[in-house]
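Heads up: the structure comes next, in structure tokens.
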Amino acid sequence: MKAHESSPREAFDRDGYCVVAGLLDAATVAAGRAAIERLVTPSTPESVTYIWGSRRQTRTPGVFIPELDEIALRPRVLEAVAPMIDGPFRLGGTPIVVVTFRGKVGGNAQDDNWIGHLDGLPTEPFEKIAHQRASLWVAFADVAPTGGAMTVVPGSHRHVHQRVAADPAWVERRRKENQYTRQDGIEGMAWNPVEITCKAGDGFFYYGHSVHSASDNRLEQPRIVALYNYVSRAAFPATQEALAKEFSPEHLKGMSPAMRRMVGAEG
């Protein structure tokens, strides 16, 4: 898919995701990818990563890659984040690496067997919470169709919020059954899952209360991305308790002064 013609924020509000091109140059992509590949491999032990099928996700806050910290401070990255969050923001956690190797994950839209989920059920209206955080996924390799891309049902976040506000029985059921398919989706919601494909160096935002999941990777090329979770300083203040949950002591100790300011540990 191509980057949206509307502004990223407008696209995000409408569809629950958006693509921003050209966040990183080729040299930065290559360096970041090399650092990731040194740590995350098909045989990476579970002591370092979560292993879900063909996916490897770094455990945090204990595992961090120093080379990825600097990217969180890049002006181009911060320019992309700024319109997505209302007011001052900070980095709210260690960058999380997610590598999707060839194999089964969540099915494929092409085969109509894709299964989505939600990152929990929202407890407040979209208009209140949508721009308190911005989950930015940065690609360190091209994300091609059928290549393990994050897949989203556009506009599904609106239907989720409506059902949560109006149907307690549905909420209770979905707390237990967090899977969504064409046959068991949300009443009134079009089932049109879209793969978020992009080039290396691009980034994409998606809303966790949208129906989403990584698709199967049918290619030899792994999907290599890192998640940068920025949050509103007002909604998520950097208290000592919060920082202890978001970052390991080793990570906090090793941060540059600029990174410490970005996470809210100083200033």
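The way I read the labels, and the way they are meant: chains A, B, ... in the order of the structure tokens, residue 1 as the first residue of every chain, and ligand 1 as the first ligand shown, with later ones counted on from there.
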>> as a ChimeraX atom specification, please: every residue in stretch 10-197 of chain A that DSSP puts in helix (DSSP H, G or I).
In response: /A:10-15,26-39,66-73,75-84,109-111,126-129,156-166,168-176
Please identify every residue of stretch 117-235 of chain A that has at least one atom no farther than 12 Å from an atom of stretch 25-43 of chain A, counting only C-alpha atoms, and for each give the shortest atom pair and the distance in Å to one decimal, arranged by chain then increasing number, as JSON lines.
{"residue": "A:Val138", "atom": "CA", "partner": "A:Val29", "partner_atom": "CA", "distance": 9.4}
{"residue": "A:Ala139", "atom": "CA", "partner": "A:Val29", "partner_atom": "CA", "distance": 8.0}
{"residue": "A:Phe140", "atom": "CA", "partner": "A:Val29", "partner_atom": "CA", "distance": 5.4}
{"residue": "A:Ala141", "atom": "CA", "partner": "A:Arg33", "partner_atom": "CA", "distance": 7.6}
{"residue": "A:Asp142", "atom": "CA", "partner": "A:Val29", "partner_atom": "CA", "distance": 10.5}
{"residue": "A:Lys199", "atom": "CA", "partner": "A:Val29", "partner_atom": "CA", "distance": 10.6}
{"residue": "A:Ala200", "atom": "CA", "partner": "A:Val29", "partner_atom": "CA", "distance": 6.9}
{"residue": "A:Gly201", "atom": "CA", "partner": "A:Val29", "partner_atom": "CA", "distance": 6.0}
{"residue": "A:Asp202", "atom": "CA", "partner": "A:Asp25", "partner_atom": "CA", "distance": 9.3}
{"residue": "A:Gly203", "atom": "CA", "partner": "A:Val29", "partner_atom": "CA", "distance": 11.6}
{"residue": "A:Glu220", "atom": "CA", "partner": "A:Pro42", "partner_atom": "CA", "distance": 12.0}
{"residue": "A:Pro222", "atom": "CA", "partner": "A:Pro42", "partner_atom": "CA", "distance": 9.7}
{"residue": "A:Arg223", "atom": "CA", "partner": "A:Arg33", "partner_atom": "CA", "distance": 10.8}
{"residue": "A:Ile224", "atom": "CA", "partner": "A:Arg33", "partner_atom": "CA", "distance": 7.5}
{"residue": "A:Val225", "atom": "CA", "partner": "A:Arg33", "partner_atom": "CA", "distance": 8.7}
{"residue": "A:Ala226", "atom": "CA", "partner": "A:Ile36", "partner_atom": "CA", "distance": 8.9}
>> Just want the 9 Å neighbourhood of A:Ala190, counted on only C-alpha atoms, with same-chain residues fewer than 2 positions away dropped. Output as a PyMOL selection string.
In response: chain A and resi 153-156+182+185-188+192-193
Write out the residues from the selection above, keeping N, CA and C atoms, as a PDB file, in the first residue's frame.
ATOM      1  N   VAL A 153      -7.811  -4.015   9.972  1.00  0.00           N
ATOM      2  CA  VAL A 153      -9.118  -3.766   9.363  1.00  0.00           C
ATOM      3  C   VAL A 153      -9.382  -2.268   9.474  1.00  0.00           C
ATOM      4  N   PRO A 154      -9.323  -1.526   8.357  1.00  0.00           N
ATOM      5  CA  PRO A 154      -9.474  -0.069   8.430  1.00  0.00           C
ATOM      6  C   PRO A 154     -10.808   0.337   9.055  1.00  0.00           C
ATOM      7  N   GLY A 155     -10.750   1.294   9.965  1.00  0.00           N
ATOM      8  CA  GLY A 155     -11.955   1.801  10.608  1.00  0.00           C
ATOM      9  C   GLY A 155     -12.525   0.924  11.695  1.00  0.00           C
ATOM     10  N   SER A 156     -11.900  -0.222  11.956  1.00  0.00           N
ATOM     11  CA  SER A 156     -12.462  -1.144  12.951  1.00  0.00           C
ATOM     12  C   SER A 156     -12.433  -0.551  14.350  1.00  0.00           C
ATOM     13  N   ARG A 182     -13.605 -13.092   9.444  1.00  0.00           N
ATOM     14  CA  ARG A 182     -14.736 -12.683   8.599  1.00  0.00           C
ATOM     15  C   ARG A 182     -16.040 -13.248   9.147  1.00  0.00           C
ATOM     16  N   GLY A 185     -16.699 -11.327  13.177  1.00  0.00           N
ATOM     17  CA  GLY A 185     -16.124  -9.994  13.297  1.00  0.00           C
ATOM     18  C   GLY A 185     -16.948  -9.128  14.225  1.00  0.00           C
ATOM     19  N   ILE A 186     -17.252  -7.915  13.793  1.00  0.00           N
ATOM     20  CA  ILE A 186     -18.057  -6.982  14.568  1.00  0.00           C
ATOM     21  C   ILE A 186     -19.226  -6.543  13.711  1.00  0.00           C
ATOM     22  N   GLU A 187     -20.404  -6.612  14.245  1.00  0.00           N
ATOM     23  CA  GLU A 187     -21.614  -6.278  13.493  1.00  0.00           C
ATOM     24  C   GLU A 187     -21.502  -4.885  12.891  1.00  0.00           C
ATOM     25  N   GLY A 188     -21.780  -4.794  11.578  1.00  0.00           N
ATOM     26  CA  GLY A 188     -21.744  -3.519  10.881  1.00  0.00           C
ATOM     27  C   GLY A 188     -20.373  -3.127  10.358  1.00  0.00           C
ATOM     28  N   ASN A 192     -12.340  -5.999   5.598  1.00  0.00           N
ATOM     29  CA  ASN A 192     -11.440  -5.691   4.490  1.00  0.00           C
ATOM     30  C   ASN A 192     -10.015  -5.493   4.983  1.00  0.00           C
ATOM     31  N   PRO A 193      -9.410  -6.538   5.585  1.00  0.00           N
ATOM     32  CA  PRO A 193      -8.067  -6.381   6.140  1.00  0.00           C
ATOM     33  C   PRO A 193      -7.055  -5.925   5.096  1.00  0.00           C
TER      34      PRO A 193
END
> Contacts of A:Val211 at 12 Å or less, counting only C-alpha atoms, minus same-chain residues fewer than 5 places along, as number ranges by chain?
Replying inline: A: 15-17, 114-121, 150-161, 178-182, 184-186, 189-194, 206
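Using only C-alpha atoms, the smallest distance between any of A:Arg59, A:Gly148, A:Ala82, A:Pro8 and A:Pro45 comes from A:Arg59.
Comparing A:Ala234, A:Gln57, A:Val77, A:His212 by their smallest distance to A:Gln132, the closest is A:Ala234 (using only C-alpha atoms).
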>> Using only C-alpha atoms for the distances, tell me which of A:Arg173, A:Ala214, A:Thr123, A:Gln162 is nearest to A:Val98.
In response: A:Ala214
> Running DSSP on the backbone, which parts of stretch 28-247 of chain A land in strand (DSSP E or B), as a PyMOL selection string?
Replying inline: chain A and resi 49-52+55-58+89-91+96-100+103+116-117+133-139+143+147+150-152+180+194-195+198+203-206+212-214+217+223-232
>> Quick one: residues within 12 Å of A:Phe89, only C-alpha atoms, excluding same-chain residues fewer than 6 positions away - as a PyMOL selection string?
In response: chain A and resi 78-79+81-83+131-134+229-238+261-264
Any chance you could tabulate, as JSON lines, the residues of stretch 82-176 of chain A at most 9 Å from stretch 66-75 of chain A with each one's nearest atom pair and distance in Å to one decimal, using only C-alpha atoms, in chain and rising number order?
{"residue": "A:Leu91", "atom": "CA", "partner": "A:Ala72", "partner_atom": "CA", "distance": 7.6}
{"residue": "A:Thr94", "atom": "CA", "partner": "A:Asp69", "partner_atom": "CA", "distance": 8.1}
{"residue": "A:Pro95", "atom": "CA", "partner": "A:Leu68", "partner_atom": "CA", "distance": 7.0}
Next, write the just-selected residues to a file, as a short mmCIF file (atom, residue, chain, number, x, y, z; two decimals), in the first residue's frame, keeping C-alpha atoms as the atom set.
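The result, stored in result31.cif:
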data_model
loop_
_atom_site.label_atom_id
_atom_site.label_comp_id
_atom_site.auth_asym_id
_atom_site.auth_seq_id
_atom_site.Cartn_x
_atom_site.Cartn_y
_atom_site.Cartn_z
CA LEU A 91 9.53 7.89 24.80
CA THR A 94 12.50 0.50 25.47
CA PRO A 95 12.27 0.09 21.67
#
> What does the distance from atom CA of A:Asp216 to atom CA of A:Glu195 come to in Å, to one decimal?
Replying inline: 10.9 Å
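Coordinates place atom CA of A:Thr100 at a distance of 6.9 Å from atom CA of A:Asn217.
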> Can you tell me, as a ChimeraX atom specification, what residues are no more than 7 Å from A:Pro61 when counting only C-alpha atoms, ignoring any on the same chain fewer than 5 positions away?
Replying inline: /A:94,246-248
